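To keep things clear, I will list the structure first and then write my remarks on it.
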Amino acid sequence: MPTPLILDCDPGHDDAMAILLAVADPAVDLLAVTTVAGNQTVDKCTVNARRVLSLAQVADIPVARGADRPLARRLRIADDVHGQTGLDGPLFEDEPSVPESPYSAHGLLVDVLRARPATIVATGALTNVARLLSEEPALAANITEIVWMGGSTGRGNIAPLAEANASVDPEAADVVVRSGVPFTMCGLNVTHQALVTDEVLARFDRIGTPLARVCMEWMTFFASTYRELFGFEAPPLHDPVAVARVIDPAIVGCVEANLVIETKGEWTAGATVVDLDGYTGRPANARIAVELDRDAFWDRMVGAVSSFVC
């Protein structure tokens with residue numbers, strides 16, 4: 001049976017690809033998409049989520065707008081990486097055909113989780129998830145697992161020790177990690193293994209559909225900003241790694257470790273402090289992704305895009 005899944009995201013080029021993977025792969029059943037401010041404002045991220053589903057001609061998955069700011073901090077968006085729309089590259093003049101849900105993200109999360117247990121994959125700041133756990137604690141029992149693309153076991157990408165999704169709302173990440181809900185972190189240390197090489201782009205090119213060409217334009221734009229900002233020859237496609245972990249845990253190898261979120265440090269706020277070697281003596285409270293089966297990951301990603309006829 002496919003795993004029931006809710007995708008909480010801030011599209012974002014890599015979030016867009018994560019949506020397509022979650023829609024298309026038969027191992028998961030995407031129940032809802034909720035949005036949060038991060039890569040861009042929540043208004044733009046919500047339009048982008050609707051845009052992705054519209055391009056894929058998928059009209060039966062609700063898209064609900066979530067938090068427009070972190071729990072306790074000023075919002076900092078990643079327009080230097082994802083552009084003015086949050087999904088720069090191909091130009092779109094028409095409004096997405098998929099409508100926005102009349103529910104808020106919070107309302108949709110409550111409605112879906114009351115109906116059935118599900119896994120939450122979060123590929124942005126954890127603001128929506130933290131609010132859900134704080135305001136509806138009884139629903140924690142219906143969250144099978146939270147799989148987060150965020151954090152790192154080492155260096156960051158927005159500060160020396162902080163990855164962007166953790167840095168946007170460290171207080172929310174702290175609430176979620178301390179909630180007791182099973183938690184898996186897919187950080188930069190593993191997502192930097194999912195590089196969009198020329199060989200990968202050639203595989204998408206061979207698909208030959210309009211949607212595949214849009215995906216190539218997204219990844220090409222993303223590559224240009226990563227090259228300029230970070231010196232990457234090929235960009236890492238972060239967010240689909242978290243979806244792949246749910247699709248097949250063998251694709252993303254994990255270890256058990258203690259994880260705490262730094263919220264107070266003057267230079268380290270947003271750091272994900274992972275005790276891989278047991279220095280602190282604190283018990284393991286998370287699965288930490290450390291290894292990616294690159295071939296299996298790209299087979300799933302390319303297969304997902306290939307499955308759309310549009």
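Ordered as shown in the structure tokens, chains take letters A, B, and onward, while each chain numbers its residues from 1 and ligands are numbered from 1 in the order shown.
Residues in contact with A:Pro70 at 7 Å, where only C-alpha atoms are counted and same-chain residues fewer than 2 positions away are skipped, are listed as Ala72, Arg73, Arg74, Leu75, Thr127, Val168 and Asp169 of chain A.
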Inset, instruction - Could you pull out the residues in stretch 55-162 of chain A that DSSP calls helix (DSSP H, G or I) from the backbone, as number ranges by chain? - result: A: 55, 79-82, 105-115, 127-135, 137-142
Based on the selection just made, write N, CA and C atoms of those residues as a PDB file, in the first residue's frame.
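Result file is result.pdb:
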ATOM      1  N   LEU A  55       0.797  22.377 -14.224  1.00  0.00           N
ATOM      2  CA  LEU A  55       1.632  21.890 -15.330  1.00  0.00           C
ATOM      3  C   LEU A  55       1.565  20.378 -15.459  1.00  0.00           C
ATOM      4  N   ASP A  79      15.562  34.893  -2.410  1.00  0.00           N
ATOM      5  CA  ASP A  79      15.403  35.326  -3.801  1.00  0.00           C
ATOM      6  C   ASP A  79      16.715  35.332  -4.555  1.00  0.00           C
ATOM      7  N   ASP A  80      17.850  35.333  -3.839  1.00  0.00           N
ATOM      8  CA  ASP A  80      19.135  35.247  -4.528  1.00  0.00           C
ATOM      9  C   ASP A  80      19.359  33.872  -5.135  1.00  0.00           C
ATOM     10  N   VAL A  81      18.657  32.872  -4.626  1.00  0.00           N
ATOM     11  CA  VAL A  81      18.776  31.508  -5.148  1.00  0.00           C
ATOM     12  C   VAL A  81      17.633  31.180  -6.110  1.00  0.00           C
ATOM     13  N   HIS A  82      16.409  31.559  -5.742  1.00  0.00           N
ATOM     14  CA  HIS A  82      15.223  31.121  -6.496  1.00  0.00           C
ATOM     15  C   HIS A  82      14.565  32.217  -7.328  1.00  0.00           C
ATOM     16  N   ALA A 105      -3.528  26.270   5.621  1.00  0.00           N
ATOM     17  CA  ALA A 105      -2.687  25.082   5.766  1.00  0.00           C
ATOM     18  C   ALA A 105      -2.990  24.377   7.082  1.00  0.00           C
ATOM     19  N   HIS A 106      -3.166  25.162   8.156  1.00  0.00           N
ATOM     20  CA  HIS A 106      -3.456  24.554   9.458  1.00  0.00           C
ATOM     21  C   HIS A 106      -4.761  23.770   9.401  1.00  0.00           C
ATOM     22  N   GLY A 107      -5.794  24.382   8.812  1.00  0.00           N
ATOM     23  CA  GLY A 107      -7.072  23.700   8.718  1.00  0.00           C
ATOM     24  C   GLY A 107      -7.000  22.438   7.882  1.00  0.00           C
ATOM     25  N   LEU A 108      -6.254  22.490   6.790  1.00  0.00           N
ATOM     26  CA  LEU A 108      -6.132  21.317   5.928  1.00  0.00           C
ATOM     27  C   LEU A 108      -5.349  20.210   6.623  1.00  0.00           C
ATOM     28  N   LEU A 109      -4.273  20.574   7.308  1.00  0.00           N
ATOM     29  CA  LEU A 109      -3.507  19.571   8.047  1.00  0.00           C
ATOM     30  C   LEU A 109      -4.379  18.881   9.089  1.00  0.00           C
ATOM     31  N   VAL A 110      -5.147  19.652   9.819  1.00  0.00           N
ATOM     32  CA  VAL A 110      -6.041  19.084  10.833  1.00  0.00           C
ATOM     33  C   VAL A 110      -7.058  18.159  10.185  1.00  0.00           C
ATOM     34  N   ASP A 111      -7.667  18.608   9.105  1.00  0.00           N
ATOM     35  CA  ASP A 111      -8.702  17.825   8.432  1.00  0.00           C
ATOM     36  C   ASP A 111      -8.142  16.503   7.910  1.00  0.00           C
ATOM     37  N   VAL A 112      -6.987  16.562   7.255  1.00  0.00           N
ATOM     38  CA  VAL A 112      -6.401  15.349   6.672  1.00  0.00           C
ATOM     39  C   VAL A 112      -5.966  14.379   7.761  1.00  0.00           C
ATOM     40  N   LEU A 113      -5.319  14.887   8.801  1.00  0.00           N
ATOM     41  CA  LEU A 113      -4.792  14.004   9.844  1.00  0.00           C
ATOM     42  C   LEU A 113      -5.887  13.434  10.736  1.00  0.00           C
ATOM     43  N   ARG A 114      -6.979  14.122  10.884  1.00  0.00           N
ATOM     44  CA  ARG A 114      -8.101  13.551  11.634  1.00  0.00           C
ATOM     45  C   ARG A 114      -8.717  12.384  10.870  1.00  0.00           C
ATOM     46  N   ALA A 115      -8.620  12.434   9.556  1.00  0.00           N
ATOM     47  CA  ALA A 115      -9.229  11.386   8.737  1.00  0.00           C
ATOM     48  C   ALA A 115      -8.390  10.118   8.684  1.00  0.00           C
ATOM     49  N   THR A 127       7.540  25.908  10.336  1.00  0.00           N
ATOM     50  CA  THR A 127       6.581  26.761  11.026  1.00  0.00           C
ATOM     51  C   THR A 127       5.191  26.140  11.076  1.00  0.00           C
ATOM     52  N   ASN A 128       4.680  25.667   9.941  1.00  0.00           N
ATOM     53  CA  ASN A 128       3.336  25.078   9.920  1.00  0.00           C
ATOM     54  C   ASN A 128       3.257  23.849  10.817  1.00  0.00           C
ATOM     55  N   VAL A 129       4.287  23.022  10.764  1.00  0.00           N
ATOM     56  CA  VAL A 129       4.275  21.780  11.542  1.00  0.00           C
ATOM     57  C   VAL A 129       4.360  22.085  13.033  1.00  0.00           C
ATOM     58  N   ALA A 130       5.188  23.056  13.401  1.00  0.00           N
ATOM     59  CA  ALA A 130       5.303  23.437  14.815  1.00  0.00           C
ATOM     60  C   ALA A 130       3.986  23.973  15.349  1.00  0.00           C
ATOM     61  N   ARG A 131       3.307  24.798  14.563  1.00  0.00           N
ATOM     62  CA  ARG A 131       2.013  25.319  14.997  1.00  0.00           C
ATOM     63  C   ARG A 131       0.991  24.205  15.155  1.00  0.00           C
ATOM     64  N   LEU A 132       0.999  23.271  14.232  1.00  0.00           N
ATOM     65  CA  LEU A 132       0.078  22.139  14.331  1.00  0.00           C
ATOM     66  C   LEU A 132       0.311  21.370  15.625  1.00  0.00           C
ATOM     67  N   LEU A 133       1.577  21.046  15.928  1.00  0.00           N
ATOM     68  CA  LEU A 133       1.888  20.264  17.118  1.00  0.00           C
ATOM     69  C   LEU A 133       1.591  21.037  18.391  1.00  0.00           C
ATOM     70  N   SER A 134       1.753  22.350  18.348  1.00  0.00           N
ATOM     71  CA  SER A 134       1.493  23.170  19.535  1.00  0.00           C
ATOM     72  C   SER A 134       0.003  23.353  19.789  1.00  0.00           C
ATOM     73  N   GLU A 135      -0.772  23.516  18.709  1.00  0.00           N
ATOM     74  CA  GLU A 135      -2.184  23.839  18.856  1.00  0.00           C
ATOM     75  C   GLU A 135      -3.099  22.613  18.826  1.00  0.00           C
ATOM     76  N   PRO A 137      -2.118  19.079  19.852  1.00  0.00           N
ATOM     77  CA  PRO A 137      -1.172  18.038  20.283  1.00  0.00           C
ATOM     78  C   PRO A 137      -1.717  16.623  20.136  1.00  0.00           C
ATOM     79  N   ALA A 138      -3.016  16.446  20.200  1.00  0.00           N
ATOM     80  CA  ALA A 138      -3.582  15.101  20.072  1.00  0.00           C
ATOM     81  C   ALA A 138      -3.337  14.512  18.686  1.00  0.00           C
ATOM     82  N   LEU A 139      -3.166  15.385  17.683  1.00  0.00           N
ATOM     83  CA  LEU A 139      -2.956  14.887  16.326  1.00  0.00           C
ATOM     84  C   LEU A 139      -1.552  14.336  16.106  1.00  0.00           C
ATOM     85  N   ALA A 140      -0.641  14.559  17.050  1.00  0.00           N
ATOM     86  CA  ALA A 140       0.704  13.994  16.910  1.00  0.00           C
ATOM     87  C   ALA A 140       0.655  12.482  16.740  1.00  0.00           C
ATOM     88  N   ALA A 141      -0.322  11.845  17.365  1.00  0.00           N
ATOM     89  CA  ALA A 141      -0.443  10.389  17.265  1.00  0.00           C
ATOM     90  C   ALA A 141      -0.776   9.932  15.850  1.00  0.00           C
ATOM     91  N   ASN A 142      -1.325  10.823  15.030  1.00  0.00           N
ATOM     92  CA  ASN A 142      -1.671  10.468  13.657  1.00  0.00           C
ATOM     93  C   ASN A 142      -0.592  10.883  12.655  1.00  0.00           C
TER      94      ASN A 142
END
Legend entry - Selection: 12 Å around A:Ala159, only C-alpha atoms, excl. self and same-chain fewer than 4 positions, as a list in words: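 Listed by chain and then number, they are Gly151, Ser152, Gly154, Arg155, Glu163, Ala164, Asn165, Ala166, Ser167, Val168, Glu266, Trp267, Thr268, Ala269, Gly270, Ala271 and Thr272 of chain A.
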Inset, instruction - Could you please determine the separation between atom CA of A:Val309 and atom CA of A:Arg203 in Å, to one decimal place? - result: 16.1 Å
Inset, instruction - Per DSSP on the backbone, filter stretch 46-270 of chain A down to the residues in strand (DSSP E) and report them as JSON, numbers by chain. - result: {"A": [63, 64, 65, 118, 119, 120, 121, 122, 143, 144, 145, 146, 147, 148, 149, 183, 184, 185, 186, 252, 253, 254, 255, 256, 257, 258, 259, 260, 261]}
Legend entry - Nearest residue to A:Val190 from the set A:Val246, A:Leu292, A:Met219, A:Glu100 (distances using only C-alpha atoms):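 Nearest to A:Val190: A:Leu292.
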Inset, instruction - Have a look at A:Thr263, A:Ser54, A:Ser104, A:Gln40 and name the one nearest to A:Asp174; count only C-alpha atoms. - result: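 Nearest candidate to A:Asp174 out of A:Thr263, A:Ser54, A:Ser104, A:Gln40: A:Thr263.
Ranking A:Ala118, A:Leu237, A:Leu259, A:Val36 by their shortest atom-to-atom distance to A:Asn285, with only C-alpha atoms included, puts A:Leu259 first.
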Close residues, A:Asp293 itself excluded, 12 Å, only C-alpha atoms, min 4 positions apart in chain, as a PDB file with N, CA and C atoms, in the first residue's frame:
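The resulting file, result_13.pdb, is reproduced below:
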ATOM      1  N   VAL A 190      23.658  15.048   2.953  1.00  0.00           N
ATOM      2  CA  VAL A 190      23.171  14.011   2.034  1.00  0.00           C
ATOM      3  C   VAL A 190      22.630  14.613   0.740  1.00  0.00           C
ATOM      4  N   THR A 191      21.965  15.783   0.812  1.00  0.00           N
ATOM      5  CA  THR A 191      21.384  16.341  -0.412  1.00  0.00           C
ATOM      6  C   THR A 191      22.452  16.831  -1.377  1.00  0.00           C
ATOM      7  N   GLN A 193      24.732  15.181  -2.305  1.00  0.00           N
ATOM      8  CA  GLN A 193      25.069  14.006  -3.117  1.00  0.00           C
ATOM      9  C   GLN A 193      24.121  13.863  -4.308  1.00  0.00           C
ATOM     10  N   ALA A 194      23.044  14.662  -4.339  1.00  0.00           N
ATOM     11  CA  ALA A 194      22.040  14.588  -5.415  1.00  0.00           C
ATOM     12  C   ALA A 194      22.294  15.702  -6.421  1.00  0.00           C
ATOM     13  N   LEU A 195      23.396  15.617  -7.138  1.00  0.00           N
ATOM     14  CA  LEU A 195      23.818  16.691  -8.033  1.00  0.00           C
ATOM     15  C   LEU A 195      23.187  16.545  -9.422  1.00  0.00           C
ATOM     16  N   VAL A 241      15.044  14.561  -2.123  1.00  0.00           N
ATOM     17  CA  VAL A 241      15.704  13.525  -1.323  1.00  0.00           C
ATOM     18  C   VAL A 241      14.813  13.114  -0.145  1.00  0.00           C
ATOM     19  N   ALA A 244      12.147  10.902  -1.463  1.00  0.00           N
ATOM     20  CA  ALA A 244      12.728   9.600  -1.804  1.00  0.00           C
ATOM     21  C   ALA A 244      12.921   8.733  -0.575  1.00  0.00           C
ATOM     22  N   ARG A 245      13.232   9.343   0.562  1.00  0.00           N
ATOM     23  CA  ARG A 245      13.395   8.580   1.800  1.00  0.00           C
ATOM     24  C   ARG A 245      12.091   7.865   2.161  1.00  0.00           C
ATOM     25  N   ASP A 248      11.322   4.928  -0.621  1.00  0.00           N
ATOM     26  CA  ASP A 248      12.117   3.720  -0.387  1.00  0.00           C
ATOM     27  C   ASP A 248      13.242   4.079   0.574  1.00  0.00           C
ATOM     28  N   PRO A 249      13.125   3.706   1.844  1.00  0.00           N
ATOM     29  CA  PRO A 249      14.162   4.076   2.813  1.00  0.00           C
ATOM     30  C   PRO A 249      15.562   3.623   2.417  1.00  0.00           C
ATOM     31  N   ALA A 250      15.666   2.612   1.562  1.00  0.00           N
ATOM     32  CA  ALA A 250      16.987   2.143   1.148  1.00  0.00           C
ATOM     33  C   ALA A 250      17.712   3.172   0.286  1.00  0.00           C
ATOM     34  N   ILE A 251      16.976   4.104  -0.327  1.00  0.00           N
ATOM     35  CA  ILE A 251      17.613   5.118  -1.172  1.00  0.00           C
ATOM     36  C   ILE A 251      18.407   6.107  -0.326  1.00  0.00           C
ATOM     37  N   VAL A 252      17.941   6.370   0.872  1.00  0.00           N
ATOM     38  CA  VAL A 252      18.566   7.374   1.742  1.00  0.00           C
ATOM     39  C   VAL A 252      18.948   6.703   3.060  1.00  0.00           C
ATOM     40  N   GLY A 253      20.223   6.357   3.194  1.00  0.00           N
ATOM     41  CA  GLY A 253      20.684   5.678   4.394  1.00  0.00           C
ATOM     42  C   GLY A 253      20.772   6.618   5.578  1.00  0.00           C
ATOM     43  N   CYS A 254      20.316   6.165   6.736  1.00  0.00           N
ATOM     44  CA  CYS A 254      20.268   6.989   7.939  1.00  0.00           C
ATOM     45  C   CYS A 254      20.961   6.304   9.107  1.00  0.00           C
ATOM     46  N   ALA A 289      19.998  11.398   7.921  1.00  0.00           N
ATOM     47  CA  ALA A 289      20.408  10.879   6.616  1.00  0.00           C
ATOM     48  C   ALA A 289      21.890  11.157   6.377  1.00  0.00           C
ATOM     49  N   PHE A 297      18.033   7.127  -6.721  1.00  0.00           N
ATOM     50  CA  PHE A 297      17.355   8.421  -6.586  1.00  0.00           C
ATOM     51  C   PHE A 297      17.008   8.995  -7.947  1.00  0.00           C
ATOM     52  N   TRP A 298      17.973   9.048  -8.853  1.00  0.00           N
ATOM     53  CA  TRP A 298      17.702   9.657 -10.157  1.00  0.00           C
ATOM     54  C   TRP A 298      16.773   8.793 -11.007  1.00  0.00           C
ATOM     55  N   ASP A 299      16.834   7.465 -10.832  1.00  0.00           N
ATOM     56  CA  ASP A 299      15.877   6.612 -11.533  1.00  0.00           C
ATOM     57  C   ASP A 299      14.451   6.958 -11.116  1.00  0.00           C
ATOM     58  N   ARG A 300      14.219   7.174  -9.826  1.00  0.00           N
ATOM     59  CA  ARG A 300      12.888   7.533  -9.339  1.00  0.00           C
ATOM     60  C   ARG A 300      12.480   8.916  -9.840  1.00  0.00           C
TER      61      ARG A 300
END
Can you pull out the residues contacting A:Leu201? Cut-off 9 Å, using only C-alpha atoms, and skip same-chain residues under 4 positions away; I want them as a CSV table (one decimal) with N, CA, C and O atoms, in the first residue's frame.
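selection17.csv, written as the output of this step:
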chain,number,residue,atom,x,y,z
A,196,VAL,N,22.7,17.7,-9.9
A,196,VAL,CA,22.1,17.7,-11.3
A,196,VAL,C,23.2,17.9,-12.3
A,196,VAL,O,23.6,19.0,-12.7
A,197,THR,N,23.8,16.8,-12.7
A,197,THR,CA,25.0,16.8,-13.6
A,197,THR,C,24.5,16.9,-15.0
A,197,THR,O,23.3,16.8,-15.3
A,205,ASP,N,16.2,15.5,-20.8
A,205,ASP,CA,16.0,16.0,-22.2
A,205,ASP,C,15.4,14.9,-23.1
A,205,ASP,O,14.6,15.1,-24.0
A,206,ARG,N,15.9,13.6,-22.8
A,206,ARG,CA,15.4,12.5,-23.6
A,206,ARG,C,13.9,12.2,-23.4
A,206,ARG,O,13.3,11.5,-24.2
A,216,MET,N,13.8,21.0,-16.9
A,216,MET,CA,15.2,21.3,-17.3
A,216,MET,C,15.4,22.8,-17.1
A,216,MET,O,16.5,23.2,-16.7
A,219,MET,N,15.9,23.5,-13.4
A,219,MET,CA,17.2,23.1,-12.9
A,219,MET,C,18.3,23.9,-13.5
A,219,MET,O,19.3,24.1,-12.8
A,220,THR,N,18.2,24.3,-14.7
A,220,THR,CA,19.2,25.2,-15.3
A,220,THR,C,19.3,26.5,-14.6
A,220,THR,O,20.4,27.0,-14.4
Inset, instruction - Find the residues around A:His192 up to 9 Å (only C-alpha atoms counted), leave out those fewer than 6 positions away in its own chain, and share them as a list in words. - result: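 That gives Pro235, Pro236, Leu237 and His238 of chain A.
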Inset, instruction - Tell me, as a VMD selection string, which residues lie within 12 Å of A:Leu20, counting only C-alpha atoms; anything in the same chain fewer than 6 positions away does not count. - result: chain A and resid 7 11 13 to 14 26 28 30 33 49 to 58 61 211 to 212 214 to 215 239 to 240 243 to 244 300 to 308
Write the residues you've just listed into a file as a tab-separated table (two decimals), in the first residue's frame, and include C-alpha atoms for each of them.
chain	number	residue	atom	x	y	z
A	7	LEU	CA	3.99	17.75	1.55
A	11	PRO	CA	8.44	26.23	-3.84
A	13	HIS	CA	12.89	24.92	-7.72
A	14	ASP	CA	13.79	21.82	-5.73
A	26	PRO	CA	3.32	4.85	-6.82
A	28	VAL	CA	3.33	7.32	-1.95
A	30	LEU	CA	0.02	12.58	-1.88
A	33	VAL	CA	0.26	20.28	-0.33
A	49	ALA	CA	2.72	24.99	-5.79
A	50	ARG	CA	-0.46	25.51	-7.77
A	51	ARG	CA	1.65	26.11	-10.89
A	52	VAL	CA	3.50	22.81	-10.54
A	53	LEU	CA	0.30	20.80	-10.15
A	54	SER	CA	-1.30	22.69	-13.04
A	55	LEU	CA	1.63	21.89	-15.33
A	56	ALA	CA	1.35	18.25	-14.31
A	57	GLN	CA	-2.42	18.39	-14.96
A	58	VAL	CA	-3.18	17.16	-11.45
A	61	ILE	CA	-4.69	17.50	-4.60
A	211	LEU	CA	6.83	19.21	-18.56
A	212	ALA	CA	10.30	17.68	-18.80
A	214	VAL	CA	10.13	23.00	-17.91
A	215	CYS	CA	11.95	20.85	-15.34
A	239	ASP	CA	14.07	18.56	-1.51
A	240	PRO	CA	13.21	15.41	-3.49
A	243	VAL	CA	10.44	12.38	-0.58
A	244	ALA	CA	12.73	9.60	-1.80
A	300	ARG	CA	12.89	7.53	-9.34
A	301	MET	CA	13.09	11.24	-10.19
A	302	VAL	CA	13.41	10.73	-13.94
A	303	GLY	CA	10.76	8.01	-13.83
A	304	ALA	CA	8.36	10.34	-12.07
A	305	VAL	CA	8.69	13.09	-14.68
A	306	SER	CA	8.51	10.52	-17.47
A	307	SER	CA	5.17	9.27	-16.17
A	308	PHE	CA	3.40	12.54	-17.00
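Distance check against A:Ala173 using only C-alpha atoms: of A:Val98, A:Ile146, A:Met17, A:Ile261, the minimum falls on A:Ile261.
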Inset, instruction - Could you tell me how far atom CA of A:Leu71 lies from atom CA of A:Val255, in Å and to one decimal? - result: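 Calculated distance between atom CA of A:Leu71 and atom CA of A:Val255 is 29.4 Å.
What separates atom CA of A:Val47 from atom CA of A:Val23 is a distance of 17.3 Å.
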Inset, instruction - Could you tell me which of A:Ile247, A:Pro170, A:Gly83, A:Arg178 comes closest to A:Pro2 if we count only C-alpha atoms? - result: A:Ile247
